[in-house]
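Below is the file entry.tsv, which contains TSV, C-alpha atoms.
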```
chain	number	residue	atom	x	y	z
A	301	MET	CA	0.00	0.00	0.00
A	302	LYS	CA	1.37	3.39	-0.98
A	303	VAL	CA	1.16	6.19	1.59
A	304	ILE	CA	0.27	9.67	0.32
A	305	PRO	CA	2.11	12.49	2.12
A	306	PHE	CA	-0.32	14.58	4.17
A	307	PHE	CA	0.34	17.83	2.25
A	308	LEU	CA	-0.47	16.05	-1.03
A	309	PHE	CA	-3.67	14.66	0.48
A	310	VAL	CA	-4.69	18.17	1.58
A	311	LEU	CA	-3.88	19.56	-1.87
A	312	LEU	CA	-5.90	16.84	-3.60
A	313	SER	CA	-8.81	17.34	-1.21
A	314	TYR	CA	-8.76	21.10	-1.79
A	315	SER	CA	-8.67	20.75	-5.57
A	316	THR	CA	-11.87	18.72	-5.42
A	317	TYR	CA	-13.65	21.74	-3.96
A	318	SER	CA	-11.81	24.40	-5.92
A	319	GLN	CA	-14.99	25.13	-7.86
A	320	GLN	CA	-16.65	26.34	-4.63
A	321	THR	CA	-16.75	30.07	-4.02
A	322	ALA	CA	-17.42	32.40	-1.08
A	323	THR	CA	-20.51	34.21	-2.43
A	324	LEU	CA	-23.29	33.42	-4.83
A	325	ASP	CA	-22.32	36.46	-6.93
A	326	GLN	CA	-18.78	35.08	-7.24
A	327	SER	CA	-20.24	31.72	-8.23
A	328	LEU	CA	-22.37	33.30	-10.94
A	329	SER	CA	-19.44	35.35	-12.25
A	330	LYS	CA	-17.27	32.25	-12.41
A	331	ALA	CA	-20.11	30.32	-14.08
A	332	LYS	CA	-20.37	33.01	-16.77
A	333	GLU	CA	-16.62	32.94	-17.38
A	334	GLU	CA	-16.51	29.15	-17.58
A	335	HIS	CA	-19.97	28.60	-19.16
A	336	LYS	CA	-21.15	26.38	-16.32
A	337	LYS	CA	-24.25	26.02	-14.18
A	338	VAL	CA	-24.30	26.75	-10.45
A	339	LEU	CA	-25.44	24.10	-7.99
A	340	PHE	CA	-26.49	26.16	-4.97
A	341	PHE	CA	-27.61	24.36	-1.84
A	342	PHE	CA	-28.72	25.27	1.65
A	343	SER	CA	-27.53	22.97	4.40
A	344	GLY	CA	-27.28	22.59	8.12
A	345	SER	CA	-23.99	20.71	8.13
A	346	ASP	CA	-23.99	19.81	11.81
A	347	TRP	CA	-27.68	19.29	12.57
A	348	CYS	CA	-29.59	18.34	9.39
A	349	SER	CA	-29.19	14.62	8.70
A	350	PRO	CA	-30.62	14.82	5.14
A	351	CYS	CA	-28.08	17.62	4.44
A	352	VAL	CA	-25.25	15.44	5.70
A	353	ARG	CA	-26.50	12.55	3.51
A	354	PHE	CA	-26.70	14.89	0.49
A	355	LYS	CA	-23.08	15.90	0.94
A	356	LYS	CA	-21.91	12.33	1.58
A	357	ASN	CA	-23.96	10.56	-1.10
A	358	TYR	CA	-24.01	13.23	-3.82
A	359	ILE	CA	-21.43	16.02	-3.40
A	360	ASP	CA	-18.66	13.68	-2.21
A	361	ASN	CA	-19.52	10.92	-4.73
A	362	PRO	CA	-16.62	10.34	-7.19
A	363	ASN	CA	-18.97	10.34	-10.22
A	364	PHE	CA	-20.51	13.62	-9.09
A	365	LYS	CA	-17.09	15.18	-8.42
A	366	GLU	CA	-15.96	14.27	-11.93
A	367	PHE	CA	-19.14	15.72	-13.48
A	368	ALA	CA	-19.04	18.84	-11.31
A	369	SER	CA	-15.41	19.61	-12.09
A	370	THR	CA	-16.25	20.29	-15.74
A	371	ASN	CA	-19.91	21.35	-15.56
A	372	LEU	CA	-20.73	23.07	-12.28
A	373	ILE	CA	-19.77	25.74	-9.81
A	374	LEU	CA	-20.81	24.70	-6.30
A	375	PHE	CA	-22.10	27.10	-3.71
A	376	ASN	CA	-23.19	25.98	-0.25
A	377	ALA	CA	-25.10	28.32	2.05
A	378	ASP	CA	-24.50	26.51	5.32
A	379	PHE	CA	-26.27	27.18	8.62
A	380	PRO	CA	-24.34	25.26	11.29
A	381	LYS	CA	-25.64	25.42	14.86
A	382	LEU	CA	-22.61	24.29	16.85
A	383	LYS	CA	-20.30	27.08	17.99
A	384	LYS	CA	-17.22	25.12	16.87
A	385	ASN	CA	-18.58	25.12	13.29
A	386	ALA	CA	-19.57	28.78	13.24
A	387	LEU	CA	-18.94	30.65	10.00
A	388	SER	CA	-17.46	34.12	9.76
A	389	LYS	CA	-19.84	37.01	10.41
A	390	GLU	CA	-19.56	37.96	6.72
A	391	GLN	CA	-20.40	34.46	5.50
A	392	THR	CA	-23.28	34.15	7.96
A	393	ALA	CA	-24.70	37.50	6.75
A	394	GLU	CA	-24.32	36.41	3.10
A	395	ASN	CA	-26.10	33.11	3.80
A	396	GLU	CA	-28.92	34.82	5.71
A	397	LYS	CA	-29.43	37.29	2.85
A	398	LEU	CA	-29.60	34.39	0.39
A	399	ALA	CA	-32.06	32.51	2.62
A	400	GLU	CA	-34.40	35.53	2.64
A	401	LYS	CA	-34.38	35.58	-1.15
A	402	PHE	CA	-34.22	31.89	-2.12
A	403	ASN	CA	-35.32	29.94	0.96
A	404	PRO	CA	-37.89	31.94	2.96
A	405	LYS	CA	-39.58	28.71	4.14
A	406	GLY	CA	-36.33	27.45	5.70
A	407	ILE	CA	-36.20	24.14	3.80
A	408	PHE	CA	-33.16	21.95	4.49
A	409	PRO	CA	-31.68	20.73	2.30
A	410	LEU	CA	-32.79	22.99	-0.51
A	411	ILE	CA	-30.86	22.40	-3.72
A	412	ILE	CA	-31.14	24.85	-6.60
A	413	LEU	CA	-29.68	24.56	-10.08
A	414	LEU	CA	-29.03	27.99	-11.65
A	415	ASN	CA	-27.87	28.86	-15.12
A	416	GLU	CA	-24.93	31.25	-15.52
A	417	ASN	CA	-27.35	34.22	-15.46
A	418	GLY	CA	-28.85	33.20	-12.10
A	419	THR	CA	-32.13	31.84	-13.47
A	420	VAL	CA	-33.51	28.91	-11.46
A	421	LEU	CA	-33.58	25.82	-13.69
A	422	LYS	CA	-34.61	23.23	-11.10
A	423	LYS	CA	-35.19	22.88	-7.35
A	424	TRP	CA	-35.10	19.96	-4.97
A	425	GLU	CA	-36.90	20.81	-1.72
A	426	LYS	CA	-35.57	17.79	0.15
A	427	LEU	CA	-32.88	15.16	-0.15
A	428	PRO	CA	-33.01	13.99	-3.80
A	429	SER	CA	-34.52	10.55	-4.24
A	430	GLU	CA	-32.71	9.95	-7.53
A	431	THR	CA	-29.64	7.75	-7.81
A	432	ILE	CA	-26.41	9.65	-8.33
A	433	ASP	CA	-26.52	8.90	-12.08
A	434	GLU	CA	-30.14	10.08	-12.35
A	435	PHE	CA	-29.24	13.22	-10.39
A	436	ILE	CA	-26.32	13.97	-12.72
A	437	ASN	CA	-28.57	13.43	-15.76
A	438	GLN	CA	-31.04	15.97	-14.35
A	439	LEU	CA	-28.21	18.44	-13.86
A	440	LYS	CA	-27.22	18.08	-17.51
```
Since I need it in another form, could you write the structure as structure tokens?
Amino acid sequence: MKVIPFFLFVLLSYSTYSQQTATLDQSLSKAKEEHKKVLFFFSGSDWCSPCVRFKKNYIDNPNFKEFASTNLILFNADFPKLKKNALSKEQTAENEKLAEKFNPKGIFPLIILLNENGTVLKKWEKLPSETIDEFINQLK
């Protein structure tokens, strides 16, 4: 078994999420530049079990990662409850502003597919029931 040096592991892990951005506006700008769609999702990473399953079974899935790397910009508006997982004040304010606009009912997870102009193409108002391949086909 070959051991990967820790710094290489961190670099590889980071590159997987390099298409994630800090704000939705940044995501949309990047999507325009790269002619991609934006997968924008609301989560409660430390309290919402369907959100945790979405990340584990969809976002972290190798097939999804491969598809996303060439087709999507990911943006996660997270609402953690535990103090140790608290976001910066700026990120929290950004996420709250986005929740007022896109998620006034407070649905978790809420997954939204946007085109590069910010138009909503599709919404999932719960954990998707599709297989990963069906989910990817819907994103196409």
Excluding A:Val338 and residues on its chain fewer than 3 positions from it, collect all residues at most 7 Å away from it, counting only C-alpha atoms, and give them as a PDB file with C-alpha atoms, keeping the file's coordinate frame.
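Just written: around_36.pdb:
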```pdb
ATOM      1  CA  SER A 327     -20.240  31.720  -8.230  1.00  0.00           C
ATOM      2  CA  LEU A 328     -22.370  33.300 -10.940  1.00  0.00           C
ATOM      3  CA  ALA A 331     -20.110  30.320 -14.080  1.00  0.00           C
ATOM      4  CA  LEU A 372     -20.730  23.070 -12.280  1.00  0.00           C
ATOM      5  CA  ILE A 373     -19.770  25.740  -9.810  1.00  0.00           C
ATOM      6  CA  LEU A 374     -20.810  24.700  -6.300  1.00  0.00           C
ATOM      7  CA  LEU A 413     -29.680  24.560 -10.080  1.00  0.00           C
ATOM      8  CA  LEU A 414     -29.030  27.990 -11.650  1.00  0.00           C
ATOM      9  CA  ASN A 415     -27.870  28.860 -15.120  1.00  0.00           C
ATOM     10  CA  GLU A 416     -24.930  31.250 -15.520  1.00  0.00           C
TER      11      GLU A 416
END
```
For a quick check of your reading of the model, name the residues lying within 10 Å of the coordinate (-33.0, 32.2, 4.5), counting only C-alpha atoms, and write them as a tab-separated table (two decimals) with C-alpha atoms, in the frame of the given file.
```
chain	number	residue	atom	x	y	z
A	342	PHE	CA	-28.72	25.27	1.65
A	377	ALA	CA	-25.10	28.32	2.05
A	379	PHE	CA	-26.27	27.18	8.62
A	394	GLU	CA	-24.32	36.41	3.10
A	395	ASN	CA	-26.10	33.11	3.80
A	396	GLU	CA	-28.92	34.82	5.71
A	397	LYS	CA	-29.43	37.29	2.85
A	398	LEU	CA	-29.60	34.39	0.39
A	399	ALA	CA	-32.06	32.51	2.62
A	400	GLU	CA	-34.40	35.53	2.64
A	401	LYS	CA	-34.38	35.58	-1.15
A	402	PHE	CA	-34.22	31.89	-2.12
A	403	ASN	CA	-35.32	29.94	0.96
A	404	PRO	CA	-37.89	31.94	2.96
A	405	LYS	CA	-39.58	28.71	4.14
A	406	GLY	CA	-36.33	27.45	5.70
A	407	ILE	CA	-36.20	24.14	3.80
```
**Report entry** d(atom CA of A:Ser369, atom CA of A:Lys336) in Å
**Finding:**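 Here the two named atoms are 9.8 Å from each other.
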Report task. Give the answer as one residue: which of A:Asn385, A:Asn437, A:Gln391, A:Thr419 has the shortest atom-to-atom distance to A:Asp346, using only C-alpha atoms? Result ->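 Counting only C-alpha atoms, the residue closest to A:Asp346 is A:Asn385.
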Report task. Would you mind listing what lies within 10 Å of A:Asn376 as a PyMOL selection string, with all atoms listed in the file counted and same-chain residues fewer than 5 positions away left out? Result -> chain A and resi 320-324+339-345+395+411
Query raised in the report: Leaving out A:Thr431 and any residue of its chain fewer than 6 positions from it, which residues lie within 12 Å of it when counting only C-alpha atoms, given as an MDAnalysis selection string?
Result: chainID A and resid 354 357:358 361 363:364 437:438
Requested in this report: State, in Å with one decimal place, the distance from atom CA of A:Pro380 to atom CA of A:Trp347.
Outcome: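 That distance, rounded to one decimal, is 7.0 Å.
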Query raised in the report: If you measure from atom CA of A:Arg353 to atom CA of A:Pro409, what distance in Å do you get, rounded to one decimal?
Result: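 Separating atom CA of A:Arg353 from atom CA of A:Pro409 is a distance of 9.8 Å.
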Requested in this report: Find, counting only C-alpha atoms, the residue in A:Ala386, A:Asp325, A:Pro362, A:Lys337 that gets nearest to A:Lys422.
Outcome: A:Lys337
